[in-house]
Structures are given as structure tokens and as C-alpha cells.
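Student: Have a peek at upload.csv (CSV, C-alpha atoms).
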chain,number,residue,atom,x,y,z
A,258,MET,CA,8.2,-20.8,17.2
A,259,ILE,CA,4.5,-20.4,16.8
A,260,GLN,CA,2.9,-17.8,19.0
A,261,THR,CA,-0.2,-19.2,20.6
A,262,SER,CA,-1.7,-16.8,23.2
A,263,THR,CA,-2.4,-13.1,22.8
A,264,LYS,CA,-0.1,-12.4,25.8
A,265,ASP,CA,2.9,-14.1,24.0
A,266,LEU,CA,2.2,-12.0,20.9
A,267,HIS,CA,2.2,-8.8,22.9
A,268,ASP,CA,5.3,-9.7,24.8
A,269,SER,CA,7.2,-10.4,21.6
A,270,GLY,CA,6.5,-6.9,20.2
A,271,PHE,CA,3.5,-7.8,18.2
A,272,GLU,CA,1.8,-4.9,19.9
A,273,LYS,CA,3.9,-2.6,17.7
A,274,VAL,CA,2.4,-4.0,14.6
A,275,LEU,CA,-1.1,-3.8,16.1
A,276,ASN,CA,-0.4,-0.2,17.1
A,277,PHE,CA,0.5,0.6,13.5
A,278,PHE,CA,-2.9,-0.5,12.3
A,279,ARG,CA,-4.8,0.9,15.3
A,280,LYS,CA,-3.5,4.4,14.7
A,281,ARG,CA,-4.6,4.4,11.1
A,282,SER,CA,-8.2,3.3,11.8
A,283,MET,CA,-9.8,5.3,14.6
A,284,TRP,CA,-13.5,5.6,15.1
A,285,MET,CA,-14.4,8.7,17.0
A,286,LEU,CA,-17.2,9.2,19.5
A,287,HIS,CA,-17.7,12.8,20.2
A,288,TYR,CA,-19.4,13.9,23.4
A,289,CYS,CA,-20.8,17.3,22.3
A,290,THR,CA,-22.1,19.2,25.3
A,291,GLY,CA,-19.6,21.9,25.2
A,292,CYS,CA,-19.2,24.7,22.6
A,293,GLY,CA,-16.1,23.1,21.2
A,294,ALA,CA,-18.3,20.8,19.2
A,295,MET,CA,-18.8,23.7,16.9
A,296,GLU,CA,-15.3,23.2,15.5
A,297,LEU,CA,-16.0,19.6,14.6
A,298,PRO,CA,-18.2,19.9,11.5
A,299,PRO,CA,-15.5,21.8,9.5
A,300,THR,CA,-12.9,19.3,10.8
A,301,MET,CA,-15.0,16.3,9.6
A,302,THR,CA,-16.2,17.7,6.3
A,303,THR,CA,-14.4,18.8,3.1
A,304,ARG,CA,-12.5,21.8,4.4
A,305,TRP,CA,-10.1,20.0,6.7
A,306,ASP,CA,-11.3,16.4,5.9
A,307,MET,CA,-10.5,14.4,9.0
A,308,GLU,CA,-11.1,11.1,7.1
A,309,ARG,CA,-7.7,11.4,5.3
A,310,PHE,CA,-6.2,10.4,8.6
A,311,GLY,CA,-8.5,7.4,8.9
A,312,ILE,CA,-10.7,9.0,11.6
A,313,GLY,CA,-14.4,8.7,11.2
A,314,PRO,CA,-17.4,9.4,13.4
A,315,MET,CA,-19.0,6.5,15.2
A,316,ALA,CA,-22.5,6.5,16.7
A,317,THR,CA,-22.1,4.0,19.6
A,318,PRO,CA,-19.5,3.8,22.3
A,319,ARG,CA,-19.1,0.0,22.0
A,320,GLN,CA,-17.6,0.3,18.5
A,321,ALA,CA,-15.6,3.5,19.1
A,322,ASP,CA,-11.9,3.8,19.8
A,323,LEU,CA,-11.6,7.5,20.5
A,324,LEU,CA,-13.7,9.6,22.9
A,325,LEU,CA,-13.7,13.3,22.3
A,326,ILE,CA,-14.9,15.4,25.2
A,327,THR,CA,-15.6,18.7,23.6
A,328,GLY,CA,-15.7,21.3,26.4
A,329,TYR,CA,-17.0,21.6,29.8
A,330,LEU,CA,-18.7,18.9,31.8
A,331,SER,CA,-21.2,19.4,34.5
A,332,ILE,CA,-21.6,16.8,37.2
A,333,LYS,CA,-24.6,15.3,35.6
A,334,SER,CA,-22.8,14.9,32.2
A,335,LEU,CA,-19.7,13.6,33.9
A,336,LYS,CA,-21.8,10.7,35.1
A,337,ARG,CA,-22.8,9.9,31.5
A,338,VAL,CA,-19.3,10.3,30.2
A,339,ILE,CA,-17.9,7.8,32.8
A,340,ARG,CA,-20.6,5.4,31.8
A,341,THR,CA,-19.8,5.9,28.1
A,342,TYR,CA,-16.1,5.5,28.7
A,343,GLU,CA,-16.5,2.3,30.6
A,344,GLN,CA,-18.7,0.9,27.8
A,345,MET,CA,-16.0,1.3,25.2
A,346,GLN,CA,-13.8,-1.6,24.4
A,347,ASP,CA,-10.0,-1.7,24.7
A,348,PRO,CA,-7.9,-0.1,23.3
A,349,LYS,CA,-9.5,3.3,23.8
A,350,TRP,CA,-8.3,6.8,23.9
A,351,VAL,CA,-9.7,10.0,25.3
A,352,ILE,CA,-9.0,13.5,24.0
A,353,GLY,CA,-9.9,16.5,26.2
A,354,PHE,CA,-10.9,19.3,24.0
A,355,GLY,CA,-10.6,23.0,24.9
A,356,SER,CA,-9.4,24.6,28.1
A,357,CYS,CA,-12.5,23.6,30.1
A,358,THR,CA,-11.3,20.0,30.3
A,359,ILE,CA,-7.8,21.1,31.5
A,360,ASN,CA,-8.6,23.6,34.3
A,361,GLY,CA,-12.3,24.5,34.0
A,362,GLY,CA,-11.8,27.3,31.5
A,363,ILE,CA,-14.2,30.2,32.1
A,364,TYR,CA,-16.2,27.9,34.4
A,365,TYR,CA,-13.3,27.7,36.9
A,366,ASP,CA,-15.4,28.8,39.8
A,367,SER,CA,-18.7,27.2,38.9
A,368,TYR,CA,-20.6,25.1,41.5
A,369,THR,CA,-21.5,22.4,39.0
A,370,VAL,CA,-18.8,22.2,36.3
A,371,ILE,CA,-15.7,20.0,37.0
A,372,ASN,CA,-12.3,21.6,36.7
A,373,ARG,CA,-10.0,18.9,35.6
A,374,LEU,CA,-11.2,16.0,33.5
A,375,SER,CA,-8.1,13.8,34.0
A,376,ASP,CA,-9.1,13.4,37.7
A,377,TYR,CA,-12.1,11.3,36.7
A,378,ILE,CA,-11.1,9.4,33.5
A,379,PRO,CA,-7.6,9.0,32.0
A,380,VAL,CA,-7.0,11.6,29.3
A,381,ASP,CA,-4.4,10.8,26.7
A,382,LEU,CA,-4.2,14.1,25.0
A,383,THR,CA,-5.6,17.6,25.7
A,384,ILE,CA,-5.9,20.3,23.0
A,385,GLU,CA,-5.8,23.8,24.6
A,386,GLY,CA,-7.7,26.7,23.3
A,387,CYS,CA,-11.1,28.3,23.7
A,388,MET,CA,-12.1,26.9,21.3
A,389,PRO,CA,-9.3,25.1,19.4
A,390,ARG,CA,-9.3,25.8,15.7
A,391,PRO,CA,-9.6,22.8,13.3
A,392,GLU,CA,-5.8,23.1,12.6
A,393,ALA,CA,-5.1,22.5,16.3
A,394,ILE,CA,-7.5,19.5,16.3
A,395,MET,CA,-5.7,18.0,13.3
A,396,THR,CA,-2.3,18.5,14.9
A,397,GLY,CA,-3.7,16.9,18.1
A,398,PHE,CA,-4.9,13.9,16.2
A,399,GLN,CA,-1.5,13.5,14.6
A,400,THR,CA,0.2,13.8,18.0
A,401,LEU,CA,-2.1,11.1,19.3
A,402,MET,CA,-1.3,8.9,16.4
A,403,ASP,CA,2.4,9.2,17.0
A,404,ALA,CA,1.9,8.4,20.7
A,405,ILE,CA,-0.1,5.3,19.8
A,406,GLN,CA,2.6,4.2,17.5
A,407,LYS,CA,5.2,4.6,20.2
A,408,GLY,CA,3.0,2.9,22.7
A,409,GLU,CA,2.7,5.9,25.0
A,410,ALA,CA,-1.0,6.4,24.8
A,411,VAL,CA,-2.0,3.8,27.4
A,412,GLY,CA,-4.7,5.7,29.3
A,413,TYR,CA,-7.0,2.7,29.3
A,414,LYS,CA,-4.3,0.6,31.1
A,415,LYS,CA,-3.8,3.3,33.6
A,416,TYR,CA,-7.5,3.3,34.3
A,417,LYS,CA,-7.5,-0.4,35.1
A,418,GLU,CA,-4.4,-0.2,37.3
A,419,ASN,CA,-5.5,2.9,39.2
A,420,TYR,CA,-9.2,2.2,39.2
A,421,GLU,CA,-9.5,2.8,43.0
A,422,TRP,CA,-8.0,6.3,42.6
A,423,TYR,CA,-10.3,7.2,39.8
A,424,LYS,CA,-13.3,5.7,41.5
A,425,LYS,CA,-12.5,7.7,44.7
A,426,ASN,CA,-12.4,11.0,42.7
A,427,GLN,CA,-15.6,10.1,40.9
A,428,ASP,CA,-17.4,9.3,44.1
A,429,SER,CA,-16.2,12.5,45.8
A,430,VAL,CA,-18.2,14.4,43.2
A,431,LEU,CA,-21.1,12.1,42.3
A,432,GLY,CA,-21.8,10.3,45.5
A,433,ARG,CA,-21.6,13.0,48.2
A,434,THR,CA,-23.5,12.3,51.3
A,435,GLU,CA,-22.7,15.4,53.4
A,436,PRO,CA,-22.8,19.1,52.6
A,437,VAL,CA,-19.6,20.7,51.4
A,438,PHE,CA,-19.8,23.6,53.7
A,439,THR,CA,-20.3,23.0,57.4
A,440,SER,CA,-22.9,25.1,59.1
A,441,SER,CA,-20.2,27.3,60.8
A,442,GLU,CA,-18.7,28.1,57.4
A,443,VAL,CA,-22.1,29.1,56.0
A,444,LYS,CA,-22.6,31.8,58.7
A,445,LYS,CA,-19.4,33.6,58.0
B,101,MET,CA,-55.3,49.8,27.4
B,102,ASN,CA,-52.2,52.0,27.3
B,103,GLN,CA,-49.4,51.9,29.8
B,104,LYS,CA,-50.8,54.7,32.1
B,105,GLU,CA,-54.2,52.9,32.3
B,106,ILE,CA,-52.5,49.7,33.3
B,107,ILE,CA,-50.6,51.4,36.1
B,108,GLU,CA,-53.8,53.2,37.2
B,109,LEU,CA,-55.8,50.0,37.2
B,110,ILE,CA,-53.4,48.3,39.5
B,111,ASP,CA,-52.9,51.4,41.6
B,112,ASN,CA,-56.7,51.9,42.2
B,113,LYS,CA,-57.2,48.2,43.3
B,114,PHE,CA,-54.1,47.5,45.4
B,115,GLY,CA,-51.9,50.6,45.6
B,116,ILE,CA,-48.5,50.1,43.9
B,117,VAL,CA,-45.2,50.6,45.6
B,118,LYS,CA,-43.3,51.7,42.5
B,119,SER,CA,-43.7,51.8,38.7
B,120,ASN,CA,-41.4,52.4,35.8
B,121,ILE,CA,-41.9,52.7,32.1
B,122,TYR,CA,-38.9,51.5,30.1
B,123,ASP,CA,-40.2,52.2,26.6
B,124,GLU,CA,-43.5,52.1,24.7
B,125,TYR,CA,-43.8,48.3,25.0
B,126,GLN,CA,-42.4,47.5,28.4
B,127,LEU,CA,-43.3,48.7,31.9
B,128,SER,CA,-42.7,47.4,35.5
B,129,VAL,CA,-44.9,47.6,38.5
B,130,VAL,CA,-43.9,46.7,42.1
B,131,VAL,CA,-46.7,45.6,44.5
B,132,LYS,CA,-46.8,44.4,48.0
B,133,LYS,CA,-46.4,40.7,48.8
B,134,GLU,CA,-50.0,40.1,49.9
B,135,ASN,CA,-51.4,41.7,46.7
B,136,ILE,CA,-49.2,39.9,44.1
B,137,PHE,CA,-51.6,36.9,43.5
B,138,ALA,CA,-54.6,39.2,43.1
B,139,ALA,CA,-52.7,41.6,40.9
B,140,LEU,CA,-51.6,38.8,38.7
B,141,ALA,CA,-55.2,37.4,38.5
B,142,LEU,CA,-56.4,40.9,37.6
B,143,MET,CA,-53.9,41.3,34.8
B,144,GLN,CA,-54.8,37.9,33.5
B,145,LEU,CA,-58.4,38.9,33.3
B,146,ASN,CA,-57.3,42.1,31.4
B,147,ASP,CA,-55.8,40.1,28.6
B,148,PHE,CA,-52.3,39.5,29.9
B,149,LYS,CA,-52.7,35.8,29.1
B,150,GLU,CA,-49.1,34.8,28.9
B,151,LEU,CA,-46.7,34.2,31.7
B,152,SER,CA,-43.3,34.6,29.9
B,153,ILE,CA,-41.2,33.8,32.9
B,154,LEU,CA,-41.1,33.7,36.7
B,155,THR,CA,-37.8,34.3,38.3
B,156,ALA,CA,-36.2,35.9,41.4
B,157,VAL,CA,-33.4,38.4,42.2
B,158,ASP,CA,-31.4,38.3,45.4
B,159,TRP,CA,-30.9,41.8,46.8
B,160,PHE,CA,-28.4,40.8,49.5
B,161,ASP,CA,-27.7,44.3,50.8
B,162,ARG,CA,-31.4,45.0,51.5
B,163,ASN,CA,-32.0,41.5,52.7
B,164,VAL,CA,-34.9,40.8,50.3
B,165,PHE,CA,-35.7,38.5,47.5
B,166,GLU,CA,-37.5,40.1,44.6
B,167,VAL,CA,-39.8,37.7,42.8
B,168,VAL,CA,-40.4,38.8,39.2
B,169,TYR,CA,-43.3,37.8,36.9
B,170,ILE,CA,-43.1,38.9,33.3
B,171,LEU,CA,-46.5,38.9,31.6
B,172,PHE,CA,-47.2,39.5,27.9
B,173,SER,CA,-50.4,40.7,26.2
B,174,TYR,CA,-51.0,40.2,22.5
B,175,THR,CA,-54.0,42.5,22.6
B,176,HIS,CA,-52.3,45.5,24.2
B,177,ASN,CA,-48.9,44.6,22.8
B,178,GLN,CA,-47.3,45.3,26.1
B,179,GLN,CA,-44.8,43.5,28.3
B,180,LEU,CA,-45.7,43.9,32.0
B,181,ILE,CA,-43.1,43.1,34.7
B,182,LEU,CA,-44.8,42.6,38.0
B,183,LYS,CA,-42.5,42.4,41.0
B,184,THR,CA,-42.8,41.9,44.7
B,185,GLU,CA,-40.3,41.8,47.5
B,186,ILE,CA,-40.2,39.1,50.2
B,187,GLU,CA,-37.9,38.8,53.2
B,188,ARG,CA,-34.8,36.8,52.8
B,189,ASP,CA,-35.0,34.8,55.9
B,190,ASN,CA,-37.5,31.9,55.5
B,191,PRO,CA,-38.8,33.2,52.1
B,192,GLU,CA,-42.3,32.1,51.2
B,193,ILE,CA,-44.8,33.3,48.6
B,194,VAL,CA,-48.0,31.9,47.2
B,195,SER,CA,-47.8,29.8,44.1
B,196,VAL,CA,-49.5,31.0,40.9
B,197,MET,CA,-50.2,27.5,39.6
B,198,LYS,CA,-53.9,28.3,39.9
B,199,LEU,CA,-53.5,31.0,37.2
B,200,TRP,CA,-50.9,29.4,35.0
B,201,GLU,CA,-50.1,25.7,35.1
B,202,VAL,CA,-46.7,26.3,33.6
B,203,ALA,CA,-45.6,28.2,36.7
B,204,GLU,CA,-45.1,24.8,38.3
B,205,THR,CA,-41.8,24.3,36.5
B,206,TYR,CA,-40.6,27.9,37.0
B,207,GLU,CA,-41.4,27.7,40.7
B,208,ARG,CA,-39.6,24.5,41.0
B,209,ASP,CA,-36.5,26.1,39.4
B,210,VAL,CA,-36.6,29.2,41.6
B,211,HIS,CA,-37.1,27.0,44.6
B,212,GLU,CA,-34.0,25.0,43.8
B,213,PHE,CA,-31.7,27.9,43.0
B,214,PHE,CA,-32.9,30.5,45.6
B,215,GLY,CA,-34.7,28.4,48.2
B,216,ILE,CA,-37.9,30.3,47.9
B,217,LYS,CA,-40.9,28.2,49.0
B,218,PHE,CA,-44.0,28.5,46.9
B,219,LEU,CA,-47.0,27.6,49.0
B,220,GLY,CA,-49.4,25.4,47.0
B,221,ASN,CA,-46.9,24.0,44.6
B,222,PRO,CA,-46.8,20.2,45.1
B,223,SER,CA,-43.6,19.5,43.1
B,224,LEU,CA,-40.8,21.4,44.8
B,225,LYS,CA,-38.4,18.5,44.4
B,226,PRO,CA,-34.8,18.5,43.3
B,227,PHE,CA,-34.6,19.5,39.6
B,228,PHE,CA,-31.4,20.3,37.8
B,229,LEU,CA,-28.7,19.9,40.5
B,230,HIS,CA,-27.2,16.5,41.1
B,231,ASN,CA,-27.3,15.4,44.7
B,232,TRP,CA,-27.3,18.9,46.1
B,233,LEU,CA,-26.9,19.2,49.9
B,234,ASP,CA,-25.7,22.8,50.4
B,235,MET,CA,-27.4,26.1,50.4
B,236,PRO,CA,-29.1,27.1,47.1
B,237,PRO,CA,-26.4,28.2,44.7
B,238,MET,CA,-27.8,31.4,43.3
B,239,ARG,CA,-28.0,33.1,46.7
B,240,LYS,CA,-25.4,35.9,46.9
B,241,ASP,CA,-24.0,34.5,50.2
B,242,PHE,CA,-23.1,31.2,48.5
B,243,LYS,CA,-19.4,31.2,48.0
B,244,THR,CA,-19.0,29.6,44.6
B,245,GLN,CA,-15.3,29.9,44.3
B,246,GLN,CA,-14.7,28.2,47.7
B,247,TYR,CA,-17.2,25.5,46.7
B,248,SER,CA,-15.5,24.8,43.4
B,249,ASP,CA,-12.1,24.7,45.2
B,250,LYS,CA,-13.3,22.2,47.7
B,251,VAL,CA,-15.2,19.9,45.4
B,252,PHE,CA,-13.3,20.0,42.1
B,253,GLY,CA,-10.0,21.9,42.6
B,254,LYS,CA,-7.4,19.9,44.4
B,255,THR,CA,-3.8,20.9,44.9
B,256,LYS,CA,-1.1,19.2,43.0
B,257,GLU,CA,0.3,17.4,46.1
B,258,GLU,CA,-3.1,16.0,46.9
B,259,ARG,CA,-3.4,14.6,43.4
B,260,GLU,CA,-0.2,12.7,43.6
B,261,LYS,CA,-1.1,10.9,46.7
Rewrite the structure of this file - the entire thing - as C-alpha cells.

Tutor:
Amino acid sequence: MIQTSTKDLHDSGFEKVLNFFRKRSMWMLHYCTGCGAMELPPTMTTRWDMERFGIGPMATPRQADLLLITGYLSIKSLKRVIRTYEQMQDPKWVIGFGSCTINGGIYYDSYTVINRLSDYIPVDLTIEGCMPRPEAIMTGFQTLMDAIQKGEAVGYKKYKENYEWYKKNQDSVLGRTEPVFTSSEVKK
Amino acid sequence: MNQKEIIELIDNKFGIVKSNIYDEYQLSVVVKKENIFAALALMQLNDFKELSILTAVDWFDRNVFEVVYILFSYTHNQQLILKTEIERDNPEIVSVMKLWEVAETYERDVHEFFGIKFLGNPSLKPFFLHNWLDMPPMRKDFKTQQYSDKVFGKTKEEREK
């Protein structure tokens, strides 16, 4: 039987074949506001040579598959990250890089740095460490490649399905209309 | 002009509250609030041409804000820290934009983070903070941990809802 639509192809397991090729050709967009970006140059260049896994840097979000958030995000940069993420085409993956994206890291009590990135955009993989060494990044990439092959890294599908939940969290930070502390709490 | 002469010059004109010499290149002088603009103008005439930074310190226990002006002179090779104290409730001080144009940005920054009003500065608009509606965050009575918990940190049960 000849497969005609993309949906049929996917249903019949063609996705597995696609995933095999996807995992071997990932273009990475790195959002470098945090200090973790410092570990990327050795990862990209000759010492650890990211390109042997088929991962290369990409300049624009529309042509990238992988979004790397390297460290803490303030509210203002979160807004830009969401815009960048929504510009990227499916399939797309997000790696949270360093402890700041997991629980805020050393900025856990900051008034302007978010604590948990996966509340706002779907994160497929987090690499812990402050900052993670290039070895940890390489291991992280390989873990992600395995997850893509198995069809487990489906953050972009989760984002579509639970868009209201993500949107609500994003709005609670970006579009606040009332003060966080009421006037009685301020006086205490 | 050496350090003693600088202190004498300000003391003779306005009467200083306190002065301190840190080392041979750095000294600080505290003057009263009503004399700060005149003292800064005087020092500018005496070759302290550069305003390195303008910032503030919140002394919560004494209920004062300390406004700090750091001046630098290439002729005397001295760094002069001029300070003044203003009350913490309804803090206001005159802007030094007439002396240094760059003070506009510094004052805007201090206004956002401490809530100090600089009289005569036309651009005290929101600056760095995104959509900020609470009290200025660098004040000591701003509870940053509670703020972070309320805005960013949710409990696990809330997340799963």
C-alpha cells in the first residue's frame, strides 16, 4: 500500500526512521545570557568537537532544532526566549543548562530571575552543574539523541497540548497587573 | 591640591559632617543634604571633572538613605567620595543633571531601585525592571525571598494542577 499523507506515514512507524535522521543532524541555537555559555566554545571547537555528533551552531531560530538555554533567565530575557522558542519549527528540543534553569541556582531568591524554566517552556533535558563541564554537555547531548531515537523527547508536542497551562505561567510572570505584596504585607 | 586641602576647602565653605581618608588616592566627605549640590559644583570647579558614579545605600537601622557621589580628578589624581544622608520616608534630593548630563541615567537607576526622587530630572521612568508594581527592590525592607517564592516558586502540588 502506498502511504499518501504525512499522518499515515507517522502512524505506520515512519516516525522512527525520521527520528533516526533527526538525531544525527541537530542545529543548535544557544541563548547565551548566563555564564554557562563559557563552556560552549571548548565544546564546539577542537578539544571536545561537538560536530562529530552532528551538532552545529545555527544563527537563526527558524532554522534551528535545538535551543540551549545556558544559565539564568531574568523576566526580560524569558520574554525573548519564549518568542525565540515559538519561532522555531517542529520538531524542536530545549536543553536547560546549569542549575539555574532547574531551581534558580544561586539566584534562587532573586526578585527578577525565574526559578524553574520548565514552568514556562517545555524542557526535554536538563544538565545539572554550576557550570557543567564539556564532558557533561556531551553526555547530555547523547542522552537527548537516545531520547529522540526512542521517541521520548516530545516537548514540542507537550507545549501544543498544554498551551493554556504554559501560557498561564508565562502570563503570571510577564503580564502582572497587581503588586505581588498587598499593602498590609508591606508594613509588617 | 592635596587631601587635607580638599577637606579644608569644603569645610570652610559648608561645614562637613564627617571625613575619612582611606589611602593617598581616596577620601570621603559627608556633607549636609542642603549643601550637596553646592559642594559638588565647587568640586567640579576645582578640577573634579568626572562623575564616576552616583549611587545610594540604604541604612535601614538609622532610617536614612545615603546618596553617594564618586568624583575623580585627573589633575589632583584623587578620588573623592561625597556623601549625604536623606530621610527614608519620602526621600527627595536635588538632581545634579545641571552639573553632569550623565547623572540622568544614574539617577533614573537609583530612582527605580531605591525610590529616591531626584528633583529636576525629567526622565524618572521605569528602566530595567519589567512591569514592576511593588516597592523598589533594593530597599532593605523588601522581602526578596518571599517575593521570589510568590512569583516564581510554586509548590509541587500547585504545579500538577

Student: Residues of chain A within 8 Å of chain B, counting all atoms listed in the file - could you list those as a ChimeraX atom specification?

Tutor: /A:332-333,365-369,371-373,429-438,443

Student: Given the choices A:Ile378, A:Ala316, A:Ile326, A:Ile384, which gets closest to A:Lys417 if the distance is worked out from all atoms listed in the file?

Tutor: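 Nearest candidate to A:Lys417 out of A:Ile378, A:Ala316, A:Ile326, A:Ile384: A:Ile378.
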
Student: List the neighbours of stretch 128-133 of chain B out to 9 Å using all atoms listed in the file; skip same-chain residues closer than 2 positions along the sequence, and give me the result as a list of chain:residue names.

Tutor: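 Final neighbour list, sorted by chain and number: B:Ile107, B:Ile110, B:Asp111, B:Phe114, B:Gly115, B:Ile116, B:Val117, B:Lys118, B:Ser119, B:Asn120, B:Ile121, B:Tyr122, B:Gln126, B:Asn135, B:Ile136, B:Phe137, B:Ala139, B:Ile170, B:Gln179, B:Leu180, B:Ile181, B:Leu182, B:Lys183, B:Thr184, B:Glu185, B:Ile186, B:Ile193.
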
Student: Considering only C-alpha atoms, can you say which of B:Leu199, B:Glu212, B:Leu219, B:Arg239 comes closest to B:Asp161?

Tutor: B:Arg239

Student: Would you compute the distance between atom CA of A:Ala410 and atom CA of A:Asn276? Give it in Å to one decimal.

Tutor: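 Interatomic distance, atom CA of A:Ala410 to atom CA of A:Asn276: 10.2 Å.
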
Student: Find the distance between atom CA of A:Gln399 and atom CA of A:Met283 and write it in Å to one decimal.

Tutor: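 The value is 11.7 Å.
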
Student: Would you please work out which residue, of B:Arg208, B:His176, B:Lys113, B:Lys240, is nearest to B:Trp159 when using only C-alpha atoms?

Tutor: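 Under the stated criterion, the closest residue is B:Lys240.
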
Student: What separation in Å, quoted to one decimal, exists between atom CA of B:Asn221 and atom CA of B:Val164?

Tutor: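 It comes out at 21.4 Å.
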